[in-house]
Number of protein chains: 2
Amino acid sequence: MHQRRTTIKDIAVHLGIDHSTVSRALNDNPNISEETKHQVRQAALRLGYVANASARAMRYNHNALIGLAIPDIRNDFYSAVARALAERCNRAGFQMVLVNTDDHPEVEYRQVRALMEARVAGVLITPTPELLDTTAKLLAPVPTVQFVRQSPKLSGDIVRMDDTRAMREATEHLLAQGHKRIGYVGTRKDINVGQARLNGYLEAHAAAGLAVDERYLALVSPRQTFGSDSVARLLAVSPAPTALIIGSSELTIGGLGAIQAAGLTIPRELAVVGYGDPVWCRLLSPSLTAVQLPVDEMVEAAEALILDRIGGKAPAGADVRSCRPTLVVRGSTAT
Amino acid sequence: MHQRRTTIKDIAVHLGIDHSTVSRALNDNPNISEETKHQVRQAALRLGYVANASARAMRYNHNALIGLAIPDIRNDFYSAVARALAERCNRAGFQMVLVNTDDHPEVEYRQVRALMEARVAGVLITPTPELLDTTAKLLAPVPTVQFVRQSPKLSGDIVRMDDTRAMREATEHLLAQGHKRIGYVGTRKDINVGQARLNGYLEAHAAAGLAVDERYLALVSPRQTFGSDSVARLLAVSPAPTALIIGSSELTIGGLGAIQAAGLTIPRELAVVGYGDPVWCRLLSPSLTAVQLPVDEMVEAAEALILDRIGGKAPAGADVRSCRPTLVVRGSTAT
DNA sequence: GTATGAAATGCACACGTGTGCGTTGTCAAG
DNA sequence: CTTGACAACGCACACGTGTGCATTTCATAC
């Protein structure tokens, strides 16, 4: 059933030498003769030796692992993040370990606990808004980067984006086109990015001296069905909004479906701005104006921060990196 | 820098008892008094004890890990697979470990090696067509499931889909609508699914007594840019095809872009069938007729197979499970 | 021949967890 | 009081790897 795997001890017995010599040979220790090294390497190859990461992790007191805890890997943004981070980790000699929290505090706890049991050297997490105290306590001993979202219960560095600015620009873009009734479907205010994005929407209205009609606002959890429901509700308001901003990639998918179901022509009857910039944005007709998220920039910043912390060469206080999303104007807001 | 983490030994010292008693207490051994168990649990909680998975993995000779090696997590199909598998693994008490091979044999080798160093109990892999001998040798000691694709160099169970049937149905669907010039953009024939899908296309033509014009075929690596290039090339053939089948999800994304760039109206000037069924298929206008892949069914089969192998309760020979994709007809092939 | 040193290798332990086996303490039956 | 039975716990080792230290071998210098 469970296969016995060859160890350095097997190699040692095979060659009639001590296992410590094998260990040194494989690690290219200068005290070992070239001849012995050669024989050891050959034997390792022949016997199919593969180092045991667990044993190694125990010997040193750290694992070359970095944990990534995100809501759902099926989300285009997070899958791009995971891919980029995995690549960077590999380059730095680390292995990335991915877990899905499903935006559920208990699942999040279990998954983070699994990461801690694996003794990850650092964690990159997009915390749920209801992050448990026990989860925060769990994360305390290791360098943590709060990615995208942040929680007051967590300490550690922060990598975020300028959500407020992005949404202000998106709103200003629509206002400049003469829209006066702009619907907004975003995430709940207790998710910090939800509040931030809403602020951008509000600021733009305030700057334009335009009052905000509460009936054009929908703040929900970032699920596709809620996006669909919310958009349907906003479109039913009378007078109907002439433009719509959707403030989350999940909500965008659901929302676009609802707009189609309503039979509205974009952008003539309804202008639309989405959040997140998956490849298929350009395939829609008309193509979708959207807030493009700086994935690479954010992952690069996060990785640099966490590696510095792991290496011990980082300032005492928490560092905050804010990356700037860009509004990409396409057909869905054409005049 | 590297935090010292509390161990059962710390708890033992804290309570003035032996570490073996702590171990037994935490594992609810009947030989330990309820009072001691209570104290141990309390102390574990207070000291923030988190079990060391590496040490545990060494004590037993297996890790509760299952490896998943796929080309790219950004692909909608594979991210859905990863999500589903992770969930099932958790339910079964396992932890999934994900690696991207990037469809590159050397990367594949490195990543599989990392999995084997982590001592995964089993591996689910979508092998690259050029899978190295060394990679195959690496995988030999553990139960392996070849997922979607398969390689002659590997042994072990196989979970695939009936690609030929799916493509035959897709082709028949177009033939039934009167199309005589059907372009086909698919993956290279040395990828087994590429050959299988092409066969479906060919079989349908043969059954209809229709000759296949080689100029309408493009067989490439599954990259978006190749999809774009190939479609552009096929559309330039004179007479141009009236319908197009794209036999890979990556190629579909690139191909749709090329069709848009050519300014063709779907389905009037060109009918289109895609492969893979991401959520955004329904958001296109017209919505995209596509081969829907049985993700859940395949993951369920793969997980059952690998758990049986790990548990030792599986037949000697390799098992093959073939799941059936379904053609979902939408607007892009409307008449 | 002996001392000196360098090169190459073996011995023994540590890391954290779990378990077989021996030991202690307690209580009841003889 | 002795014996046995049983509950509760400690001792010691194993898993695979790496490393400090001691040991061996061998050549060179005195």
# chains A, B, ... in the order shown; residues from 1 in each chain; ligands from 1
>>> interface_residues(of="chain A", to="chain C", cutoff="7 Å", atoms="only C-alpha atoms (C1' of nucleotides)", output="list of chain:residue names")
A:Asp18, A:Thr21, A:Asn31, A:Ile32, A:Ser33, A:Met58, A:Arg59
>>> interface_residues(of="chain D", to="chain B", cutoff="7 Å", atoms="only C-alpha atoms (C1' of nucleotides)", output="VMD selection string")
chain D and resid 8 to 10 15
>>> write_last_selection(atoms="C-alpha atoms (C1' of nucleotides)", output="short mmCIF file (atom, residue, chain, number, x, y, z; two decimals), in the first residue's frame")
data_model
loop_
_atom_site.label_atom_id
_atom_site.label_comp_id
_atom_site.auth_asym_id
_atom_site.auth_seq_id
_atom_site.Cartn_x
_atom_site.Cartn_y
_atom_site.Cartn_z
"C1'" DA D 8 -2.45 6.39 34.58
"C1'" DC D 9 1.70 7.84 33.23
"C1'" DG D 10 7.03 7.98 32.13
"C1'" DC D 15 10.88 8.44 11.41
#
>>> interface_residues(of="chain B", to="chain A", cutoff="7 Å", atoms="only C-alpha atoms", output="ChimeraX atom specification")
/B:1,3,50-55,57-58,73-74,76,79-80,83,97,117-119,141,256-257,283-285,310,312
>>> residues_around(residues="Leu26 (chain B)", least_positions_apart="3", cutoff="7 Å", atoms="only C-alpha atoms (C1' of nucleotides)", output="list in words")
Val22, Ser23 and Arg41 of chain B
>>> residues_around(residues="region 183-193 of chain A", least_positions_apart="5", cutoff="6 Å", atoms="only C-alpha atoms (C1' of nucleotides)", output="PyMOL selection string")
chain A and resi 129+216-222+241+244-247
>>> write_last_selection(atoms="C-alpha atoms", output="CSV table (one decimal), in the first residue's frame")
chain,number,residue,atom,x,y,z
A,129,PRO,CA,-14.9,40.6,6.7
A,216,TYR,CA,-29.7,53.5,-7.1
A,217,LEU,CA,-27.4,51.8,-4.6
A,218,ALA,CA,-27.0,48.1,-3.8
A,219,LEU,CA,-24.4,46.8,-1.4
A,220,VAL,CA,-24.2,43.1,-1.1
A,221,SER,CA,-21.9,40.1,-0.7
A,222,PRO,CA,-19.7,39.5,-3.7
A,241,PRO,CA,-30.7,54.6,-14.2
A,244,LEU,CA,-24.4,51.3,-14.0
A,245,ILE,CA,-21.2,50.8,-12.2
A,246,ILE,CA,-20.6,47.3,-10.8
A,247,GLY,CA,-18.0,47.2,-8.1
>>> atom_distance(atom1="CA of Thr335 (chain B)", atom2="CA of Thr171 (chain B)")
15.1 Å
>>> residues_around(residues="Gln146 (chain B)", least_positions_apart="5", cutoff="8 Å", atoms="only C-alpha atoms (C1' of nucleotides)", output="PDB file with C-alpha atoms, in the first residue's frame")
ATOM      1  CA  LEU B 124      -3.623  13.963 -10.329  1.00  0.00           C
ATOM      2  CA  ILE B 125      -1.884  15.170 -13.440  1.00  0.00           C
ATOM      3  CA  THR B 126      -2.680  16.573 -16.858  1.00  0.00           C
ATOM      4  CA  PRO B 127       0.615  15.568 -18.457  1.00  0.00           C
ATOM      5  CA  SER B 151       0.753   9.909 -21.667  1.00  0.00           C
ATOM      6  CA  LEU B 154       2.676   6.963 -17.379  1.00  0.00           C
ATOM      7  CA  GLY B 156      -2.114   4.393 -13.434  1.00  0.00           C
ATOM      8  CA  ASP B 157      -5.769   5.182 -13.746  1.00  0.00           C
ATOM      9  CA  ILE B 158      -7.215   7.492 -16.338  1.00  0.00           C
ATOM     10  CA  VAL B 159     -10.035   9.993 -16.131  1.00  0.00           C
ATOM     11  CA  ARG B 160     -10.869  11.423 -19.486  1.00  0.00           C
TER      12      ARG B 160
END
>>> decode(residues="chain D", atoms="N, CA and C atoms (P, O5', C5', C4', C3', O3' and C1' of nucleotides)", output="short mmCIF file (atom, residue, chain, number, x, y, z; two decimals), in the first residue's frame")
data_model
loop_
_atom_site.label_atom_id
_atom_site.label_comp_id
_atom_site.auth_asym_id
_atom_site.auth_seq_id
_atom_site.Cartn_x
_atom_site.Cartn_y
_atom_site.Cartn_z
P DC D 1 0.51 -5.43 56.96
"O5'" DC D 1 0.32 -7.02 56.81
"C5'" DC D 1 1.32 -7.96 57.17
"C4'" DC D 1 1.50 -8.95 56.03
"C3'" DC D 1 2.18 -8.37 54.80
"O3'" DC D 1 3.02 -9.37 54.21
"C1'" DC D 1 0.01 -9.10 54.21
P DT D 2 3.90 -9.05 52.91
"O5'" DT D 2 3.15 -9.92 51.82
"C5'" DT D 2 2.84 -11.30 52.09
"C4'" DT D 2 2.03 -11.86 50.94
"C3'" DT D 2 2.57 -11.57 49.54
"O3'" DT D 2 2.58 -12.76 48.77
"C1'" DT D 2 0.31 -10.88 49.68
P DT D 3 3.33 -12.79 47.34
"O5'" DT D 3 2.13 -12.73 46.31
"C5'" DT D 3 0.99 -13.61 46.46
"C4'" DT D 3 -0.14 -13.11 45.58
"C3'" DT D 3 0.28 -12.66 44.18
"O3'" DT D 3 -0.25 -13.55 43.21
"C1'" DT D 3 -1.27 -11.13 45.18
P DG D 4 0.14 -13.36 41.66
"O5'" DG D 4 -1.15 -12.62 41.11
"C5'" DG D 4 -2.44 -13.06 41.51
"C4'" DG D 4 -3.48 -12.05 41.06
"C3'" DG D 4 -3.26 -11.52 39.64
"O3'" DG D 4 -4.44 -11.72 38.88
"C1'" DG D 4 -3.52 -9.71 41.17
P DA D 5 -4.46 -11.45 37.34
"O5'" DA D 5 -5.28 -10.08 37.31
"C5'" DA D 5 -6.45 -9.94 38.11
"C4'" DA D 5 -6.93 -8.51 38.03
"C3'" DA D 5 -6.77 -7.87 36.64
"O3'" DA D 5 -7.98 -7.24 36.27
"C1'" DA D 5 -5.76 -6.51 38.29
P DC D 6 -8.24 -6.83 34.71
"O5'" DC D 6 -8.18 -5.24 34.77
"C5'" DC D 6 -8.87 -4.55 35.79
"C4'" DC D 6 -8.25 -3.19 36.02
"C3'" DC D 6 -7.88 -2.43 34.73
"O3'" DC D 6 -8.57 -1.22 34.71
"C1'" DC D 6 -6.17 -2.26 36.34
P DA D 7 -8.74 -0.42 33.31
"O5'" DA D 7 -8.59 1.08 33.80
"C5'" DA D 7 -8.98 1.43 35.12
"C4'" DA D 7 -8.04 2.50 35.66
"C3'" DA D 7 -7.70 3.60 34.65
"O3'" DA D 7 -7.82 4.86 35.28
"C1'" DA D 7 -5.71 2.65 35.52
P DA D 8 -7.74 6.21 34.37
"O5'" DA D 8 -6.22 6.64 34.50
"C5'" DA D 8 -5.73 7.05 35.77
"C4'" DA D 8 -4.26 7.35 35.66
"C3'" DA D 8 -3.87 8.29 34.51
"O3'" DA D 8 -3.19 9.40 35.06
"C1'" DA D 8 -2.45 6.39 34.58
P DC D 9 -2.79 10.63 34.08
"O5'" DC D 9 -1.25 10.34 33.82
"C5'" DC D 9 -0.38 10.23 34.95
"C4'" DC D 9 0.88 9.52 34.53
"C3'" DC D 9 1.72 10.22 33.46
"O3'" DC D 9 2.84 10.81 34.08
"C1'" DC D 9 1.70 7.84 33.23
P DG D 10 3.87 11.71 33.19
"O5'" DG D 10 5.15 10.76 33.12
"C5'" DG D 10 5.77 10.33 34.33
"C4'" DG D 10 6.92 9.37 34.04
"C3'" DG D 10 8.00 9.92 33.10
"O3'" DG D 10 9.28 9.46 33.55
"C1'" DG D 10 7.03 7.98 32.13
P DC D 11 10.62 10.05 32.86
"O5'" DC D 11 11.20 8.81 32.05
"C5'" DC D 11 11.06 7.49 32.58
"C4'" DC D 11 11.66 6.47 31.62
"C3'" DC D 11 12.76 7.00 30.70
"O3'" DC D 11 13.77 6.01 30.59
"C1'" DC D 11 10.97 6.13 29.40
P DA D 12 15.17 6.38 29.85
"O5'" DA D 12 14.92 5.78 28.39
"C5'" DA D 12 14.44 4.43 28.27
"C4'" DA D 12 14.17 4.11 26.82
"C3'" DA D 12 15.19 4.69 25.83
"O3'" DA D 12 15.50 3.71 24.86
"C1'" DA D 12 13.02 5.37 25.22
P DC D 13 16.81 3.91 23.95
"O5'" DC D 13 16.18 3.80 22.49
"C5'" DC D 13 15.35 2.67 22.18
"C4'" DC D 13 14.33 3.05 21.14
"C3'" DC D 13 14.94 3.60 19.84
"O3'" DC D 13 14.62 2.73 18.78
"C1'" DC D 13 13.04 4.85 20.55
P DA D 14 15.57 2.73 17.49
"O5'" DA D 14 14.56 3.10 16.32
"C5'" DA D 14 13.29 2.46 16.25
"C4'" DA D 14 12.34 3.37 15.48
"C3'" DA D 14 13.00 4.05 14.29
"O3'" DA D 14 12.44 3.57 13.08
"C1'" DA D 14 11.76 5.61 15.64
P DC D 15 13.29 3.68 11.77
"O5'" DC D 15 12.60 4.93 11.06
"C5'" DC D 15 11.20 4.92 10.76
"C4'" DC D 15 10.76 6.33 10.46
"C3'" DC D 15 11.77 7.10 9.60
"O3'" DC D 15 11.37 6.99 8.24
"C1'" DC D 15 10.88 8.44 11.41
P DG D 16 12.55 6.61 7.16
"O5'" DG D 16 13.18 8.04 6.88
"C5'" DG D 16 12.39 9.04 6.25
"C4'" DG D 16 13.16 10.35 6.19
"C3'" DG D 16 14.53 10.23 5.53
"O3'" DG D 16 14.65 11.30 4.61
"C1'" DG D 16 14.74 11.20 7.68
P DT D 17 16.00 11.51 3.73
"O5'" DT D 17 16.66 12.72 4.50
"C5'" DT D 17 15.95 13.92 4.64
"C4'" DT D 17 16.67 14.90 5.54
"C3'" DT D 17 18.11 15.21 5.12
"O3'" DT D 17 18.16 16.57 4.71
"C1'" DT D 17 17.92 14.84 7.49
P DG D 18 19.52 17.17 4.13
"O5'" DG D 18 20.26 17.72 5.42
"C5'" DG D 18 19.63 18.74 6.17
"C4'" DG D 18 20.44 19.07 7.41
"C3'" DG D 18 21.91 19.43 7.16
"O3'" DG D 18 22.22 20.52 8.00
"C1'" DG D 18 21.78 17.73 8.77
P DT D 19 23.41 21.51 7.65
"O5'" DT D 19 24.32 21.42 8.95
"C5'" DT D 19 23.74 21.66 10.21
"C4'" DT D 19 24.63 21.11 11.32
"C3'" DT D 19 26.12 21.37 11.12
"O3'" DT D 19 26.66 21.80 12.37
"C1'" DT D 19 25.77 19.10 11.56
P DG D 20 27.86 22.87 12.38
"O5'" DG D 20 28.51 22.62 13.81
"C5'" DG D 20 27.67 22.57 14.97
"C4'" DG D 20 28.24 21.64 16.01
"C3'" DG D 20 29.74 21.79 16.25
"O3'" DG D 20 30.03 21.65 17.64
"C1'" DG D 20 29.28 19.58 15.53
P DC D 21 31.48 21.99 18.20
"O5'" DC D 21 32.14 20.54 18.33
"C5'" DC D 21 31.47 19.52 19.06
"C4'" DC D 21 32.10 18.17 18.78
"C3'" DC D 21 33.63 18.16 18.84
"O3'" DC D 21 34.06 17.30 19.87
"C1'" DC D 21 32.81 16.95 16.97
P DA D 22 35.59 17.10 20.18
"O5'" DA D 22 35.79 15.58 19.74
"C5'" DA D 22 34.88 14.59 20.20
"C4'" DA D 22 35.10 13.28 19.45
"C3'" DA D 22 36.55 12.79 19.46
"O3'" DA D 22 36.56 11.38 19.65
"C1'" DA D 22 35.84 13.08 17.23
P DT D 23 37.95 10.61 19.89
"O5'" DT D 23 38.18 9.88 18.50
"C5'" DT D 23 37.11 9.14 17.91
"C4'" DT D 23 37.48 8.77 16.50
"C3'" DT D 23 38.92 8.25 16.34
"O3'" DT D 23 38.88 6.92 15.86
"C1'" DT D 23 38.36 9.82 14.64
P DT D 24 40.24 6.03 15.89
"O5'" DT D 24 40.62 5.93 14.35
"C5'" DT D 24 39.65 5.48 13.41
"C4'" DT D 24 40.04 5.92 12.02
"C3'" DT D 24 41.45 5.48 11.59
"O3'" DT D 24 41.35 4.54 10.55
"C1'" DT D 24 40.99 7.75 11.01
P DT D 25 42.65 3.73 10.06
"O5'" DT D 25 43.15 4.60 8.83
"C5'" DT D 25 42.23 4.97 7.80
"C4'" DT D 25 42.88 5.99 6.88
"C3'" DT D 25 44.33 5.65 6.47
"O3'" DT D 25 44.39 5.59 5.05
"C1'" DT D 25 44.16 7.91 7.17
P DC D 26 45.67 4.87 4.34
"O5'" DC D 26 46.52 6.12 3.86
"C5'" DC D 26 45.84 7.23 3.25
"C4'" DC D 26 46.74 8.45 3.27
"C3'" DC D 26 48.22 8.13 3.06
"O3'" DC D 26 48.69 8.81 1.91
"C1'" DC D 26 47.91 9.66 4.85
P DA D 27 50.11 8.42 1.27
"O5'" DA D 27 50.79 9.86 1.11
"C5'" DA D 27 49.97 10.96 0.71
"C4'" DA D 27 50.52 12.23 1.31
"C3'" DA D 27 52.02 12.45 1.12
"O3'" DA D 27 52.26 13.76 0.64
"C1'" DA D 27 51.47 12.68 3.39
P DT D 28 53.69 14.14 0.00
"O5'" DT D 28 54.32 15.14 1.07
"C5'" DT D 28 53.54 16.24 1.53
"C4'" DT D 28 54.13 16.77 2.82
"C3'" DT D 28 55.66 16.99 2.80
"O3'" DT D 28 55.94 18.37 2.97
"C1'" DT D 28 54.95 15.92 4.82
P DA D 29 57.43 18.92 2.88
"O5'" DA D 29 57.83 19.16 4.40
"C5'" DA D 29 56.94 19.93 5.23
"C4'" DA D 29 57.43 19.88 6.67
"C3'" DA D 29 58.93 20.14 6.85
"O3'" DA D 29 59.15 21.04 7.94
"C1'" DA D 29 58.36 18.07 7.84
P DC D 30 60.60 21.72 8.14
"O5'" DC D 30 61.20 20.98 9.40
"C5'" DC D 30 60.56 21.14 10.67
"C4'" DC D 30 60.98 20.02 11.61
"C3'" DC D 30 62.48 19.90 11.82
"O3'" DC D 30 62.85 20.55 13.04
"C1'" DC D 30 61.39 17.75 11.64
#
